[in-house]
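Structure below is run28.tsv: TSV, C-alpha atoms and all ligand atoms.
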chain	number	residue	atom	x	y	z
D	364	MET	CA	0.00	0.00	0.00
D	365	ARG	CA	1.41	3.33	-0.99
D	366	GLU	CA	1.84	6.12	1.47
D	367	LYS	CA	-0.39	9.11	1.38
D	368	LYS	CA	1.08	12.55	1.56
D	369	GLY	CA	-0.71	15.69	2.66
D	370	ASP	CA	-3.94	16.96	1.20
D	371	SER	CA	-3.32	15.84	-2.28
D	372	ASP	CA	-3.93	12.42	-3.64
D	373	THR	CA	-1.40	9.92	-4.80
D	374	ARG	CA	-3.63	8.05	-7.18
D	375	ASP	CA	-1.09	8.33	-9.95
D	376	ASP	CA	-1.50	4.64	-10.66
D	377	LEU	CA	-5.08	5.23	-11.81
D	378	ARG	CA	-5.69	5.88	-15.44
D	379	VAL	CA	-7.92	8.89	-15.64
D	380	THR	CA	-9.88	10.22	-18.57
D	381	ARG	CA	-10.08	13.96	-18.77
D	382	THR	CA	-13.39	15.38	-19.82
D	383	GLU	CA	-12.92	17.48	-22.92
D	384	PRO	CA	-14.55	20.87	-23.57
D	385	SER	CA	-16.44	19.42	-26.53
D	386	GLU	CA	-17.93	16.80	-24.22
D	387	SER	CA	-19.10	19.28	-21.65
D	388	GLY	CA	-20.53	22.09	-23.69
D	389	PRO	CA	-20.06	25.46	-22.12
D	390	GLY	CA	-16.30	25.83	-22.09
D	391	PHE	CA	-15.31	28.30	-19.39
D	392	ALA	CA	-17.29	27.65	-16.22
D	393	VAL	CA	-17.19	28.62	-12.57
D	394	CYS	CA	-18.65	26.26	-9.97
D	395	LEU	CA	-19.49	27.91	-6.64
D	396	THR	CA	-19.23	25.89	-3.42
D	397	HIS	CA	-19.55	26.39	0.34
D	398	ASP	CA	-18.35	23.85	2.92
D	399	VAL	CA	-20.57	24.19	5.99
D	400	ASP	CA	-18.01	23.45	8.71
D	401	ARG	CA	-19.39	25.39	11.66
D	402	PRO	CA	-22.49	27.53	11.29
D	403	TYR	CA	-22.48	28.31	15.02
D	404	LYS	CA	-19.92	30.32	16.85
D	405	THR	CA	-20.07	28.86	20.37
D	406	TYR	CA	-17.42	28.34	22.99
D	407	GLN	CA	-14.85	28.25	20.23
D	408	GLY	CA	-15.13	32.03	20.69
D	409	LEU	CA	-12.98	31.56	23.77
D	410	TYR	CA	-10.30	29.97	21.64
D	411	TYR	CA	-10.37	32.80	19.13
D	412	ALA	CA	-10.61	35.39	21.90
D	413	ALA	CA	-7.40	34.08	23.35
D	414	LYS	CA	-5.75	34.53	19.97
D	415	SER	CA	-7.01	37.90	18.80
D	416	ASN	CA	-9.55	40.65	19.34
D	417	PRO	CA	-10.83	39.29	22.67
D	418	GLY	CA	-13.43	42.04	23.11
D	419	TYR	CA	-15.30	41.25	19.91
D	420	HIS	CA	-15.21	37.48	20.31
D	421	LEU	CA	-16.33	37.53	23.94
D	422	ARG	CA	-19.11	40.00	23.13
D	423	THR	CA	-20.57	37.86	20.35
D	424	LEU	CA	-20.30	34.85	22.62
D	425	LEU	CA	-22.04	36.49	25.55
D	426	ARG	CA	-24.78	38.05	23.47
D	427	ARG	CA	-25.52	34.69	21.89
D	428	GLU	CA	-25.27	36.30	18.51
D	429	ASN	CA	-24.61	33.92	15.73
D	430	PRO	CA	-22.18	35.59	13.37
D	431	TYR	CA	-21.40	32.40	11.44
D	432	TRP	CA	-25.01	31.73	10.47
D	433	GLN	CA	-24.86	33.04	6.90
D	434	PHE	CA	-27.28	30.88	4.92
D	435	GLU	CA	-29.91	33.56	4.34
D	436	ASP	CA	-27.28	36.19	3.50
D	437	ILE	CA	-25.53	34.00	0.97
D	438	MET	CA	-28.84	33.00	-0.61
D	439	ALA	CA	-29.83	36.67	-0.91
D	440	LEU	CA	-26.47	37.61	-2.40
D	441	GLU	CA	-26.54	34.81	-4.96
D	442	ARG	CA	-30.20	35.38	-5.78
D	443	ASP	CA	-29.29	38.99	-6.47
D	444	LEU	CA	-26.51	37.83	-8.81
D	445	GLY	CA	-28.86	35.35	-10.50
D	446	VAL	CA	-26.73	32.33	-9.60
D	447	ARG	CA	-26.90	29.27	-7.34
D	448	SER	CA	-24.17	27.26	-5.61
D	449	SER	CA	-23.40	24.03	-3.76
D	450	PHE	CA	-23.55	23.75	0.04
D	451	TYR	CA	-21.77	20.73	1.52
D	452	PHE	CA	-23.00	19.67	4.96
D	453	LEU	CA	-20.73	18.05	7.52
D	454	ASN	CA	-21.85	15.35	9.93
D	455	GLU	CA	-18.84	15.12	12.23
D	456	PRO	CA	-19.28	12.57	15.03
D	457	SER	CA	-19.23	14.21	18.44
D	458	LEU	CA	-16.00	14.17	20.39
D	459	LEU	CA	-18.07	12.60	23.17
D	460	GLU	CA	-18.61	9.56	20.95
D	461	THR	CA	-15.16	9.21	19.50
D	462	GLY	CA	-12.71	11.41	21.36
D	463	SER	CA	-9.77	10.13	23.31
D	464	LEU	CA	-8.27	12.11	26.18
D	465	SER	CA	-5.51	13.35	23.89
D	466	ASP	CA	-8.15	14.61	21.43
D	467	TRP	CA	-9.73	16.57	24.24
D	468	LEU	CA	-6.44	18.13	25.25
D	469	GLU	CA	-5.84	19.58	21.78
D	470	PRO	CA	-7.37	23.10	21.58
D	471	LYS	CA	-7.79	22.80	17.81
D	472	ASN	CA	-10.28	19.99	18.41
D	473	TRP	CA	-12.36	22.28	20.58
D	474	VAL	CA	-12.86	24.51	17.56
D	475	GLU	CA	-13.86	21.57	15.37
D	476	HIS	CA	-16.14	19.96	17.89
D	477	LEU	CA	-17.69	22.83	19.77
D	478	GLY	CA	-18.73	24.34	16.47
D	479	ARG	CA	-20.21	21.09	15.22
D	480	TYR	CA	-23.88	20.83	14.44
D	481	ASP	CA	-26.61	18.24	14.23
D	482	LEU	CA	-28.04	17.80	10.77
D	483	ASP	CA	-31.46	17.01	12.11
D	484	SER	CA	-31.72	20.01	14.43
D	485	ALA	CA	-34.67	22.14	13.38
D	486	SER	CA	-32.65	25.15	12.23
D	487	ILE	CA	-30.14	23.15	10.16
D	488	ALA	CA	-32.87	20.97	8.67
D	489	ASP	CA	-34.80	24.12	7.70
D	490	ALA	CA	-31.70	25.60	6.08
D	491	VAL	CA	-31.09	22.37	4.12
D	492	ARG	CA	-34.66	22.33	2.83
D	493	ASP	CA	-34.74	26.06	2.05
D	494	LEU	CA	-31.57	25.75	0.00
D	495	ASP	CA	-32.88	22.74	-1.85
D	496	ALA	CA	-36.25	24.34	-2.57
D	497	GLY	CA	-34.54	27.48	-3.86
D	498	GLY	CA	-32.42	25.67	-6.42
D	499	TRP	CA	-29.18	25.36	-4.47
D	500	GLU	CA	-27.36	22.06	-4.32
D	501	VAL	CA	-27.12	20.29	-0.96
D	502	GLY	CA	-24.20	17.88	-0.96
D	503	ILE	CA	-22.16	15.85	1.48
D	504	HIS	CA	-19.06	17.13	3.30
D	505	GLY	CA	-17.48	13.84	4.39
D	506	SER	CA	-16.22	14.05	7.98
D	507	PHE	CA	-12.53	14.08	8.87
D	508	ARG	CA	-12.02	10.32	9.19
D	509	SER	CA	-14.66	9.24	6.67
D	510	CYS	CA	-12.21	9.22	3.75
D	511	ASP	CA	-10.99	5.84	5.05
D	512	ASP	CA	-14.28	4.61	6.48
D	513	PHE	CA	-16.94	3.34	4.08
D	514	ASP	CA	-19.53	2.72	6.81
D	515	ARG	CA	-19.14	6.20	8.22
D	516	LEU	CA	-19.57	7.74	4.77
D	517	ARG	CA	-22.65	5.63	4.15
D	518	THR	CA	-24.16	6.76	7.47
D	519	GLU	CA	-23.44	10.41	6.71
D	520	LYS	CA	-24.94	10.17	3.25
D	521	ARG	CA	-28.03	8.39	4.56
D	522	GLU	CA	-28.58	10.91	7.38
D	523	LEU	CA	-28.21	13.91	5.07
D	524	GLU	CA	-30.61	12.38	2.55
D	525	ALA	CA	-33.13	11.70	5.34
D	526	VAL	CA	-33.19	15.44	6.09
D	527	LEU	CA	-33.12	16.45	2.43
D	528	GLY	CA	-35.78	14.01	1.28
D	529	HIS	CA	-33.90	12.83	-1.80
D	530	GLU	CA	-30.48	11.61	-2.91
D	531	VAL	CA	-27.41	13.81	-2.98
D	532	VAL	CA	-25.30	13.92	-6.14
D	533	GLY	CA	-21.84	14.48	-4.68
D	534	GLY	CA	-19.72	16.56	-2.35
D	535	ARG	CA	-16.30	17.25	-0.91
D	536	GLN	CA	-14.26	15.74	1.95
D	537	HIS	CA	-13.59	17.87	5.06
D	538	HIS	CA	-10.02	19.27	5.01
D	539	LEU	CA	-9.86	18.02	1.39
D	540	LYS	CA	-8.70	14.76	2.94
D	541	LEU	CA	-8.70	11.82	0.54
D	542	GLY	CA	-7.58	8.26	1.20
D	543	PRO	CA	-6.51	5.67	-1.37
D	544	ASN	CA	-10.09	4.32	-1.60
D	545	THR	CA	-12.24	7.39	-1.00
D	546	TRP	CA	-13.41	7.73	-4.61
D	547	ARG	CA	-14.21	4.03	-4.78
D	548	TYR	CA	-16.35	4.45	-1.67
D	549	HIS	CA	-18.08	7.48	-3.15
D	550	ARG	CA	-18.84	5.60	-6.33
D	551	GLU	CA	-20.07	2.53	-4.48
D	552	LEU	CA	-22.43	4.72	-2.46
D	553	GLY	CA	-23.89	6.09	-5.67
D	554	LEU	CA	-22.30	9.53	-5.49
D	555	LYS	CA	-21.60	10.97	-8.92
D	556	TYR	CA	-18.77	13.35	-8.12
D	557	ASP	CA	-16.16	14.46	-5.61
D	558	ALA	CA	-14.79	18.01	-5.45
D	559	SER	CA	-11.89	17.50	-3.01
D	560	PRO	CA	-8.53	17.57	-4.80
D	561	GLY	CA	-6.94	20.91	-4.09
D	562	SER	CA	-5.18	22.93	-1.46
D	563	SER	CA	-5.98	25.46	1.24
D	564	SER	CA	-2.65	27.22	0.76
D	565	GLU	CA	-2.15	27.21	-3.00
D	566	ASN	CA	-4.73	28.17	-5.61
D	567	GLY	CA	-4.57	27.31	-9.30
D	568	PHE	CA	-5.04	24.48	-11.73
D	569	GLN	CA	-2.49	22.00	-10.35
D	570	HIS	CA	-5.05	19.23	-10.74
D	571	GLY	CA	-6.05	20.21	-14.25
D	572	TYR	CA	-8.40	22.48	-16.15
D	573	ARG	CA	-11.18	19.97	-16.48
D	574	PRO	CA	-13.11	17.56	-14.31
D	575	PHE	CA	-11.80	14.04	-14.84
D	576	ARG	CA	-13.07	10.47	-14.65
D	577	PRO	CA	-10.80	8.36	-12.42
D	578	PHE	CA	-12.59	5.13	-13.33
D	579	ASP	CA	-13.49	6.05	-16.88
D	580	ASP	CA	-17.18	5.85	-16.04
D	581	ASP	CA	-19.86	8.27	-14.86
D	582	PHE	CA	-18.06	9.18	-11.60
D	583	VAL	CA	-16.34	12.55	-12.03
D	584	VAL	CA	-13.81	14.49	-9.97
D	585	PHE	CA	-13.84	18.30	-9.94
D	586	PRO	CA	-10.50	19.78	-8.82
D	587	LEU	CA	-10.69	22.72	-6.43
D	588	THR	CA	-9.17	25.83	-7.98
D	589	LEU	CA	-9.57	28.47	-5.31
D	590	MET	CA	-10.20	28.41	-1.57
D	591	GLU	CA	-10.64	31.85	-0.02
D	592	VAL	CA	-7.91	31.38	2.60
D	593	SER	CA	-5.25	30.88	-0.06
D	594	LEU	CA	-5.59	34.53	-1.10
D	595	PRO	CA	-3.97	37.63	0.39
D	596	ASP	CA	-6.33	38.92	3.11
D	597	PRO	CA	-8.83	41.12	1.23
D	598	GLY	CA	-9.47	43.04	4.47
D	599	SER	CA	-6.01	44.57	4.31
D	600	ALA	CA	-4.97	43.87	0.70
D	601	PHE	CA	-8.14	43.76	-1.38
D	602	ASP	CA	-6.43	44.78	-4.65
D	603	GLU	CA	-3.76	42.09	-4.32
D	604	ALA	CA	-6.39	39.46	-3.60
D	605	TRP	CA	-8.43	40.61	-6.60
D	606	ILE	CA	-5.40	40.49	-8.92
D	607	GLU	CA	-4.93	36.84	-8.00
D	608	CYS	CA	-8.61	36.08	-8.66
D	609	GLU	CA	-8.52	37.87	-11.98
D	610	ARG	CA	-5.42	35.93	-13.01
D	611	LEU	CA	-7.29	32.68	-12.29
D	612	LEU	CA	-10.31	33.88	-14.29
D	613	ASP	CA	-7.99	34.78	-17.20
D	614	GLU	CA	-6.38	31.37	-17.10
D	615	ALA	CA	-9.73	29.61	-16.83
D	616	GLU	CA	-11.20	31.54	-19.75
D	617	ALA	CA	-8.14	30.97	-21.95
D	618	ASN	CA	-8.27	27.22	-21.31
D	619	ASP	CA	-12.03	26.55	-21.31
D	620	ALA	CA	-11.52	25.45	-17.72
D	621	VAL	CA	-13.97	24.56	-15.02
D	622	MET	CA	-12.87	26.76	-12.14
D	623	THR	CA	-14.18	25.59	-8.77
D	624	VAL	CA	-14.37	28.14	-5.97
D	625	LEU	CA	-14.80	27.47	-2.23
D	626	TRP	CA	-15.97	30.21	0.14
D	627	HIS	CA	-16.73	28.98	3.68
D	628	PRO	CA	-19.99	30.56	4.90
D	629	ARG	CA	-18.42	32.26	7.94
D	630	TYR	CA	-16.23	34.33	5.59
D	631	PHE	CA	-19.37	36.18	4.51
D	632	ASN	CA	-19.43	37.82	7.96
D	633	GLU	CA	-18.03	41.25	7.18
D	634	ASP	CA	-17.20	42.03	10.85
D	635	GLU	CA	-14.84	39.10	11.25
D	636	PHE	CA	-13.69	38.64	7.70
D	637	PRO	CA	-13.85	42.03	5.99
D	638	GLY	CA	-13.45	42.05	2.22
D	639	TYR	CA	-14.26	38.38	1.52
D	640	ARG	CA	-17.90	38.94	0.70
D	641	ARG	CA	-17.09	41.77	-1.71
D	642	LEU	CA	-14.38	39.69	-3.33
D	643	TYR	CA	-16.74	36.75	-3.82
D	644	ARG	CA	-19.33	39.01	-5.41
D	645	ARG	CA	-16.75	40.43	-7.78
D	646	ILE	CA	-15.55	36.98	-8.87
D	647	VAL	CA	-19.11	35.97	-9.74
D	648	GLU	CA	-19.87	39.27	-11.50
D	649	ARG	CA	-16.72	39.12	-13.61
D	650	ALA	CA	-17.28	35.47	-14.49
D	651	LEU	CA	-20.79	36.32	-15.68
D	652	ASP	CA	-19.49	39.36	-17.61
D	653	ARG	CA	-17.06	37.06	-19.41
D	654	GLY	CA	-19.87	34.71	-20.39
D	655	ALA	CA	-18.92	31.86	-18.08
D	656	TRP	CA	-21.41	29.20	-17.05
D	657	VAL	CA	-21.81	29.78	-13.28
D	658	GLY	CA	-23.59	27.45	-10.86
D	659	PRO	CA	-23.57	24.46	-8.50
D	660	VAL	CA	-21.37	21.46	-9.24
D	661	ALA	CA	-24.31	19.03	-9.44
D	662	ASP	CA	-25.98	21.22	-12.08
D	663	TYR	CA	-22.80	21.23	-14.14
D	664	TYR	CA	-22.55	17.47	-13.77
D	665	ARG	CA	-26.16	16.86	-14.78
D	666	GLU	CA	-26.11	19.27	-17.69
D	667	PHE	CA	-22.79	18.39	-19.24
D	668	LEU	CA	-21.24	15.22	-17.83
D	669	ALA	CA	-23.96	12.74	-16.86
D	670	GLU	CA	-24.15	9.60	-18.94
D	671	ARG	CA	-26.48	10.22	-21.83
D	672	ASP	CA	-29.07	7.76	-22.94
D	673	SER	CA	-27.96	7.11	-26.51
D	674	ARG	CA	-31.43	5.97	-27.55
D	675	ASP	CA	-32.78	9.44	-26.97
D	676	ASP	CA	-30.15	11.59	-28.57
D	677	SER	CA	-28.82	9.88	-31.63
D	678	ASP	CA	-27.66	13.21	-33.05
D	679	GLU	CA	-25.26	13.47	-30.14
D	680	ARG	CA	-23.58	10.20	-31.04
D	681	ALA	CA	-21.10	11.69	-33.45
D	682	THR	CA	-19.84	14.04	-30.78
D	683	ASP	CA	-19.75	11.27	-28.21
D	684	SER	CA	-17.80	8.88	-30.34
D	685	ALA	CA	-15.37	11.61	-31.28
D	686	THR	CA	-14.45	12.08	-27.65
D	687	ALA	CA	-15.18	8.65	-26.24
D	688	GLY	CA	-11.63	7.54	-26.86
D	689	GLY	CA	-10.52	10.69	-25.02
D	690	ALA	CA	-6.92	11.09	-24.11
D	691	ASN	CA	-5.90	8.96	-21.18
D	692	HIS	CA	-3.55	10.65	-18.82
D	693	SER	CA	-1.97	9.65	-15.61
D	694	LEU	CA	-3.01	11.91	-12.79
D	695	SER	CA	0.43	13.30	-12.28
D	696	PRO	CA	1.28	14.77	-8.89
U	701	ZN	ZN	-14.63	21.31	5.93
Could the structure of this file be written out as structure tokens, please?
Ligand SMILES: [Zn+2]
Amino acid sequence: MREKKGDSDTRDDLRVTRTEPSESGPGFAVCLTHDVDRPYKTYQGLYYAAKSNPGYHLRTLLRRENPYWQFEDIMALERDLGVRSSFYFLNEPSLLETGSLSDWLEPKNWVEHLGRYDLDSASIADAVRDLDAGGWEVGIHGSFRSCDDFDRLRTEKRELEAVLGHEVVGGRQHHLKLGPNTWRYHRELGLKYDASPGSSSENGFQHGYRPFRPFDDDFVVFPLTLMEVSLPDPGSAFDEAWIECERLLDEAEANDAVMTVLWHPRYFNEDEFPGYRRLYRRIVERALDRGAWVGPVADYYREFLAERDSRDDSDERATDSATAGGANHSLSP
């Protein structure tokens, strides 16, 4: 068994088929995604207070304000822009169920676990259903250890679907953490895509311009192009952050790329993360100005990558057969 290193995958033994622009229609596209890690700011405020700006963090904690609850704001912003996005919901087991003493002694775990949420709590369930009813995608955000745990992934998928009322199409792993078998598990569970390969420190197209098919079937992987934290802080260096975004849009447009963007919901809170909301809006506006297809990953998958029924669209066959042989590439590191 090969060793796994860092965030990125080491599946370079897999033959992967890139999807080609002619296969997927729109050329330049931007997929918008939000990983819902912690919609509540709770006692983790104490952790942040100890690190910076104690007055603000203690105040929001004591007033029971909920500065990380951004669902309605993001929906309003995207509705205003005329776009939709994907929200990936996490179902992290409680530290009470799984934690060892050493887990409890690690302050970082307090942030993870004290901010955790129950999918079937009334407010989260309402948010899930509101998003779904409004045309947003609700997908799975596989918990930290689920990348190596088929049963855990199956439970998380089942519980999310119980709240949602129908099947999910795909999602992304928490911390972008993939194991050697994670995609096989996803596929076996009936998921159609994963959007994990990428980095929280480096943006760009290191994993390619196009979604790819690791098993040469209908399961597709969408590389992550841009996570907000990889940018210069737009609160203090908005122009620098924007220049980096514009460079990525240029590169995406020039290469008919599918650019996948991740903005965690809490970054839409302008008090704690000034500049991020404005930057997100500008990325979407510019992408639309340039004629990009913009939307949730599942919509892109369904519209352009899902297996077609050849009986119904014989006129598509020529195109299909032209690309069916598609270039096989190794997924190079
Ligand atoms: Zn996450």
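CA of Leu482 in chain D lies 8.0 Å from CA of Leu453 in chain D.
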Protein and nucleic residues near ligand ZN 701 (chain U), 10 Å, all atoms listed in the file, as a PyMOL selection string: chain D and resi 397-401+451-453+455+475+504-507+535-540+627
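CA of Ala661 in chain D is positioned 19.2 Å from CA of Thr380 in chain D.
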Record the distance separating CA of Cys608 in chain D and CA of Ser562 in chain D, expressed in Å with one decimal. 15.4 Å
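Taking all atoms listed in the file into account, Arg442 in chain D lies nearest to D:Gly658 out of the set D:Pro637, D:Gly658, D:Gly553, D:Gly390.
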